[in-house]
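Here is my_file_11.txt, consisting of compact mmCIF, C-alpha atoms:
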# COMPACT_ATOMS: atom_id res chain seq x y z
CA MET A 1 76.25 17.76 -1.15
CA ALA A 2 79.09 15.37 -0.44
CA LEU A 3 82.53 15.33 -2.05
CA VAL A 4 84.13 11.91 -2.50
CA HIS A 5 87.71 11.27 -3.59
CA VAL A 6 87.99 7.85 -5.23
CA GLU A 7 91.17 5.87 -5.83
CA TYR A 8 90.52 2.79 -7.97
CA PHE A 9 92.18 0.47 -10.46
CA SER A 10 91.41 0.85 -14.16
CA GLU A 11 91.63 -2.42 -16.03
CA VAL A 12 91.56 -0.62 -19.39
CA LEU A 13 94.50 1.64 -18.49
CA GLY A 14 96.25 -0.96 -16.35
CA LEU A 15 96.99 1.52 -13.59
CA SER A 16 95.62 3.12 -10.43
CA SER A 17 93.47 6.15 -11.21
CA SER A 18 91.69 8.97 -9.41
CA MET A 19 88.40 10.79 -9.65
CA ASP A 20 86.53 13.27 -7.49
CA VAL A 21 82.76 12.96 -7.34
CA ILE A 22 80.14 15.39 -6.03
CA ILE A 23 76.98 13.60 -4.93
CA PRO A 24 73.63 14.78 -3.51
CA GLN A 25 73.30 14.20 0.21
CA GLN A 26 69.97 13.29 1.81
CA ILE A 27 69.50 15.32 4.98
CA GLN A 28 66.68 15.04 7.49
CA ARG A 29 65.37 18.59 7.15
CA GLN A 30 64.92 18.06 3.40
CA PRO A 31 63.61 14.48 3.18
CA GLY A 32 63.12 13.05 -0.28
CA ARG A 33 64.18 16.22 -2.09
CA PHE A 34 66.29 14.24 -4.55
CA LYS A 35 65.86 10.57 -5.22
CA PRO A 36 68.22 8.13 -6.92
CA PRO A 37 69.05 7.15 -9.54
CA TYR A 38 70.61 10.57 -10.06
CA PRO A 39 71.46 12.27 -13.36
CA VAL A 40 75.21 12.43 -13.95
CA LEU A 41 77.58 15.00 -15.45
CA TYR A 42 81.08 13.95 -16.51
CA LEU A 43 83.11 17.14 -16.01
CA LEU A 44 86.43 16.98 -17.82
CA HIS A 45 89.67 18.84 -17.14
CA GLY A 46 92.06 20.55 -19.53
CA GLY A 47 95.43 19.39 -20.80
CA SER A 48 97.62 20.80 -18.03
CA ASP A 49 95.09 20.07 -15.27
CA ASN A 50 93.87 17.08 -13.30
CA HIS A 51 90.66 15.92 -11.58
CA SER A 52 90.97 18.55 -8.83
CA ASN A 53 91.13 21.72 -10.94
CA TRP A 54 87.39 22.25 -11.37
CA GLN A 55 87.03 22.31 -7.59
CA ARG A 56 90.10 24.49 -6.95
CA ASN A 57 89.26 27.11 -9.57
CA THR A 58 85.46 27.26 -9.50
CA ALA A 59 82.66 26.85 -6.97
CA ILE A 60 81.28 23.83 -8.81
CA GLU A 61 80.11 22.09 -5.62
CA ARG A 62 78.01 25.11 -4.68
CA TYR A 63 76.69 25.54 -8.22
CA VAL A 64 75.23 22.01 -8.32
CA SER A 65 73.95 21.93 -4.75
CA GLY A 66 70.31 22.36 -5.74
CA LEU A 67 70.27 20.18 -8.83
CA GLY A 68 70.30 16.61 -7.53
CA LEU A 69 73.16 15.95 -9.93
CA VAL A 70 76.19 13.67 -9.56
CA VAL A 71 79.33 15.30 -10.97
CA VAL A 72 82.20 12.98 -11.93
CA MET A 73 85.64 14.55 -12.42
CA PRO A 74 88.14 11.92 -13.64
CA ALA A 75 91.90 12.27 -14.09
CA VAL A 76 93.11 11.43 -17.60
CA HIS A 77 96.45 13.27 -17.78
CA TYR A 78 97.51 14.72 -21.18
CA SER A 79 95.54 12.10 -23.11
CA PHE A 80 93.19 14.20 -25.27
CA TYR A 81 90.54 11.75 -24.05
CA SER A 82 91.52 9.44 -26.90
CA ASP A 83 92.88 5.98 -27.53
CA GLN A 84 96.50 6.92 -28.06
CA LYS A 85 98.51 5.71 -31.02
CA TYR A 86 101.53 5.33 -28.72
CA GLY A 87 100.05 4.83 -25.30
CA LEU A 88 96.88 3.93 -23.46
CA LYS A 89 93.23 3.61 -24.45
CA TYR A 90 91.83 6.66 -22.68
CA PHE A 91 88.68 7.01 -24.78
CA THR A 92 87.80 3.38 -24.19
CA PHE A 93 88.31 4.05 -20.48
CA LEU A 94 86.23 7.22 -20.54
CA SER A 95 83.36 5.94 -22.67
CA GLU A 96 83.08 2.35 -21.46
CA GLU A 97 84.87 1.54 -18.20
CA LEU A 98 84.34 4.77 -16.27
CA PRO A 99 80.51 4.82 -16.63
CA ARG A 100 80.37 1.20 -15.46
CA LEU A 101 82.46 2.04 -12.41
CA VAL A 102 80.42 5.14 -11.60
CA GLN A 103 77.18 3.15 -11.80
CA GLN A 104 78.75 0.49 -9.59
CA PHE A 105 79.99 2.97 -6.96
CA PHE A 106 77.13 5.53 -6.95
CA HIS A 107 73.37 5.70 -7.47
CA VAL A 108 73.42 7.21 -10.96
CA SER A 109 71.03 6.71 -13.85
CA ASP A 110 72.07 4.67 -16.88
CA GLN A 111 69.56 6.45 -19.13
CA ARG A 112 70.65 8.66 -22.02
CA GLU A 113 68.34 11.50 -20.97
CA ASP A 114 70.10 11.67 -17.58
CA THR A 115 73.69 11.58 -18.84
CA PHE A 116 75.75 14.67 -19.74
CA ALA A 117 79.35 15.71 -20.34
CA ALA A 118 81.15 19.05 -20.22
CA GLY A 119 84.75 20.19 -20.20
CA LEU A 120 87.22 22.96 -20.88
CA SER A 121 89.90 23.14 -23.56
CA MET A 122 91.12 19.55 -24.01
CA GLY A 123 88.14 18.53 -21.88
CA GLY A 124 85.81 20.38 -24.24
CA TYR A 125 87.12 18.17 -27.03
CA GLY A 126 86.60 15.15 -24.76
CA ALA A 127 83.03 16.11 -23.89
CA PHE A 128 82.08 16.66 -27.53
CA LYS A 129 83.81 13.42 -28.46
CA LEU A 130 81.67 11.51 -25.97
CA GLY A 131 78.49 13.03 -27.37
CA ILE A 132 79.46 12.73 -31.03
CA VAL A 133 81.06 9.27 -31.02
CA CYS A 134 78.52 7.85 -28.53
CA PRO A 135 75.33 9.82 -29.35
CA ASP A 136 73.08 7.08 -27.96
CA ARG A 137 74.45 7.63 -24.43
CA TYR A 138 74.44 11.41 -23.92
CA ALA A 139 71.55 13.87 -23.97
CA ALA A 140 73.69 17.01 -23.92
CA VAL A 141 77.39 17.90 -24.07
CA ALA A 142 79.16 21.22 -23.53
CA SER A 143 82.54 22.54 -24.62
CA LEU A 144 84.17 25.60 -23.03
CA SER A 145 87.06 26.96 -25.12
CA GLY A 146 87.29 23.50 -26.60
CA SER A 147 90.14 22.31 -28.80
CA LEU A 148 87.61 20.81 -31.20
CA ASP A 149 90.02 20.27 -34.10
CA GLN A 150 93.57 18.95 -33.60
CA ARG A 151 95.00 19.79 -37.03
CA SER A 152 96.84 22.89 -35.82
CA ARG A 153 98.56 20.84 -33.14
CA LEU A 154 99.61 18.14 -35.58
CA THR A 155 101.05 20.70 -38.00
CA GLY A 156 102.72 22.75 -35.25
CA GLU A 157 101.13 26.10 -36.06
CA PRO A 158 102.73 28.89 -33.98
CA VAL A 159 99.45 29.85 -32.28
CA ILE A 160 99.68 26.76 -30.08
CA ALA A 161 103.44 26.23 -30.11
CA ASN A 162 103.49 24.56 -26.70
CA SER A 163 106.13 21.84 -27.07
CA ILE A 164 104.53 19.44 -24.58
CA MET A 165 101.08 19.84 -26.16
CA LEU A 166 102.48 19.29 -29.64
CA GLN A 167 104.38 16.20 -28.53
CA MET A 168 101.34 14.73 -26.79
CA ALA A 169 99.08 15.43 -29.79
CA LYS A 170 101.40 13.50 -32.09
CA HIS A 171 101.88 10.80 -29.46
CA THR A 172 98.07 10.45 -29.29
CA PHE A 173 96.87 10.96 -32.87
CA GLY A 174 99.93 10.13 -34.95
CA SER A 175 100.25 12.09 -38.17
CA LEU A 176 97.81 14.55 -39.69
CA GLU A 177 96.91 11.92 -42.29
CA GLU A 178 96.08 9.41 -39.54
CA TYR A 179 93.94 11.97 -37.72
CA ASP A 180 92.03 13.17 -40.78
CA ARG A 181 88.62 11.46 -41.20
CA SER A 182 89.22 9.19 -38.21
CA GLU A 183 87.12 8.76 -35.05
CA ASN A 184 89.19 11.58 -33.56
CA ASP A 185 88.09 14.01 -36.30
CA LEU A 186 84.87 15.19 -34.66
CA ALA A 187 83.49 17.20 -37.58
CA HIS A 188 83.96 14.20 -39.87
CA VAL A 189 82.15 11.86 -37.46
CA LEU A 190 79.36 14.38 -37.00
CA GLU A 191 78.90 14.78 -40.75
CA GLY A 192 78.47 11.02 -41.02
CA HIS A 193 75.85 10.96 -38.27
CA LEU A 194 73.90 13.79 -39.89
CA ALA A 195 73.94 11.97 -43.23
CA ASP A 196 72.66 8.80 -41.53
CA GLY A 197 69.93 10.56 -39.51
CA VAL A 198 71.42 9.59 -36.13
CA GLN A 199 69.78 11.13 -33.05
CA LEU A 200 72.37 13.54 -31.68
CA PRO A 201 72.76 15.19 -28.29
CA LYS A 202 72.34 18.89 -27.76
CA LEU A 203 75.63 20.77 -28.11
CA TYR A 204 76.79 23.86 -26.20
CA GLN A 205 79.84 25.88 -27.23
CA ALA A 206 81.34 28.85 -25.41
CA CYS A 207 84.60 30.57 -26.30
CA GLY A 208 86.20 33.97 -25.86
CA THR A 209 87.25 36.02 -28.86
CA LEU A 210 90.80 36.30 -27.48
CA ASP A 211 91.13 32.55 -26.97
CA HIS A 212 93.62 30.65 -29.14
CA ASN A 213 90.80 28.16 -29.83
CA TYR A 214 88.38 30.88 -31.00
CA GLU A 215 88.72 30.33 -34.76
CA ILE A 216 88.39 26.55 -34.31
CA ASN A 217 85.17 27.01 -32.35
CA LYS A 218 83.76 29.54 -34.79
CA ARG A 219 84.40 27.27 -37.77
CA PHE A 220 82.85 24.28 -36.00
CA TYR A 221 79.72 26.26 -35.14
CA GLU A 222 79.37 27.69 -38.64
CA GLN A 223 79.60 24.19 -40.10
CA PHE A 224 76.74 22.80 -38.00
CA ARG A 225 74.68 25.78 -36.78
CA ASP A 226 71.71 25.25 -39.12
CA ARG A 227 71.74 21.47 -39.07
CA MET A 228 71.42 20.47 -35.42
CA ASP A 229 70.75 21.79 -31.92
CA VAL A 230 73.87 23.88 -31.17
CA THR A 231 73.98 26.71 -28.63
CA TYR A 232 76.92 29.04 -29.27
CA ILE A 233 78.21 31.69 -26.86
CA GLU A 234 80.91 34.07 -28.05
CA ALA A 235 82.45 36.17 -25.28
CA PRO A 236 84.10 39.41 -26.45
CA ASP A 237 87.60 40.11 -25.09
CA ARG A 238 87.76 36.91 -23.04
CA GLY A 239 90.65 34.49 -23.24
CA HIS A 240 91.65 31.01 -22.16
CA GLU A 241 91.16 31.51 -18.41
CA TRP A 242 89.35 30.28 -15.33
CA GLY A 243 87.31 33.44 -14.77
CA PHE A 244 85.50 32.76 -18.04
CA TRP A 245 85.11 29.02 -17.35
CA ASP A 246 83.74 29.67 -13.86
CA GLU A 247 81.04 31.89 -15.36
CA SER A 248 80.40 29.53 -18.25
CA ILE A 249 79.89 26.35 -16.21
CA GLN A 250 77.09 28.10 -14.33
CA GLN A 251 75.39 28.84 -17.65
CA VAL A 252 75.93 25.25 -18.77
CA LEU A 253 74.25 23.93 -15.62
CA GLN A 254 71.21 26.12 -16.34
CA TRP A 255 71.17 24.87 -19.94
CA LEU A 256 71.36 21.15 -19.16
CA PRO A 257 67.99 19.36 -19.58
CA ILE A 258 68.03 17.87 -16.06
CA ARG A 259 64.83 15.98 -15.28
CA SER A 260 63.12 16.46 -11.95
CA THR A 261 63.68 13.60 -9.50
Full structure transcribed into structure tokens:
Amino acid sequence: MALVHVEYFSEVLGLSSSMDVIIPQQIQRQPGRFKPPYPVLYLLHGGSDNHSNWQRNTAIERYVSGLGLVVVMPAVHYSFYSDQKYGLKYFTFLSEELPRLVQQFFHVSDQREDTFAAGLSMGGYGAFKLGIVCPDRYAAVASLSGSLDQRSRLTGEPVIANSIMLQMAKHTFGSLEEYDRSENDLAHVLEGHLADGVQLPKLYQACGTLDHNYEINKRFYEQFRDRMDVTYIEAPDRGHEWGFWDESIQQVLQWLPIRST
């Protein structure tokens, strides 16, 4: 495997941006083991993290070494992977510009069956948002301790009374009324797709029972468990922490429907 740090200019955001990318490396003693175009996983960071945290807190490069998979880890700051009401268009960047740049820079497939997303906490919301809002582009998406519903942040419930997170949620989504039944309301969008018979990606949820996002994840799963392909992992006595996410991303990689190259 090779690890590439990329500094580039985002036209959508209007600023210089960063991403780290893990790519398969062809070596002489293993000729032709993996062939481009490669499947691609967009691996998304949490709210207080950046593009380097998956590498610094897990062994993600080692975990993907035998998969022939490109892993893209972009920096999006405290954006909730959304087009912000008072700010920048991060979801437009993530869903439209970033895939174009990745296909331009690296030998990745542009096929739905080869495209995946996963993330933790805020990144779990971002990964599910990609799969739910753009179901024609993603075969499978995974959320680890995902903040899948933002209502508690917009109402300031004590369980997530982090002042920066609350400020950024309102900065991004506006009011609760503006969030409700919008593109940012994932359950609402998903209900619409199910009613219209849209082909949806596979979903994977994992969350610890001590996590502050546990009830959100449980409600989301209960709402859709019998109506689509959802894998749900509930981890007793685990919280919002890297030990759990390190274990979980290994399980996600085994779950992903990666085609042989």
The residue from A:Leu120, A:Leu186, A:Val230, A:Leu69 with the smallest atom-to-atom distance to Pro24 of chain A, counting all atoms listed in the file, is A:Leu69
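Taking atom CA of Tyr179 of chain A and atom CA of Ser163 of chain A as endpoints, the distance between them is 19.0 Å.
You can rank A:Ser65, A:Gln199, A:Ser48, A:Ser10 by their closest distance to Pro99 of chain A using only C-alpha atoms, and at the top of that list sits A:Ser10.
For the pair atom CA of Pro39 of chain A and atom CA of Trp242 of chain A, the separation is 25.5 Å.
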For segment 146-157 of chain A, please output as a ChimeraX atom specification all residues within 7 Å (counting all atoms listed in the file; exclusion window: fewer than 4 positions along the same chain).
-> /A:120-125,161,166,169-170,175-176,185,213,216-217
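Straight-line separation from atom CA of Val71 of chain A to atom CA of Leu88 of chain A: 24.4 Å.
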Min atom-atom distance to Glu178 of chain A from the set A:Gln84, A:Asp237, A:Asp110, A:Gly192, counting all atoms listed in the file, belongs to A:Gln84
Can you work out which one of A:Gln104, A:Ser82, A:Ser17, A:Asn53 has the shortest atom-to-atom distance to Gly119 of chain A, counting all atoms listed in the file?
-> A:Asn53
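Considering all atoms listed in the file, the residue among A:Leu94, A:Phe80, A:Leu194, A:Pro201 positioned nearest to Arg137 of chain A is A:Pro201.
Residues in contact with His107 of chain A at 7 Å, where all atoms listed in the file are counted and same-chain residues fewer than 4 positions away are skipped, are listed as Pro36, Pro37, Tyr38 and Gln103 of chain A.
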Go ahead and save the residues from that selection, with C-alpha atoms, as an mmCIF file, in the frame of the given file.
data_model
loop_
_atom_site.group_PDB
_atom_site.id
_atom_site.type_symbol
_atom_site.label_atom_id
_atom_site.label_comp_id
_atom_site.auth_asym_id
_atom_site.auth_seq_id
_atom_site.Cartn_x
_atom_site.Cartn_y
_atom_site.Cartn_z
ATOM 1 C CA PRO A 36 68.220 8.130 -6.920
ATOM 2 C CA PRO A 37 69.050 7.150 -9.540
ATOM 3 C CA TYR A 38 70.610 10.570 -10.060
ATOM 4 C CA GLN A 103 77.180 3.150 -11.800
#
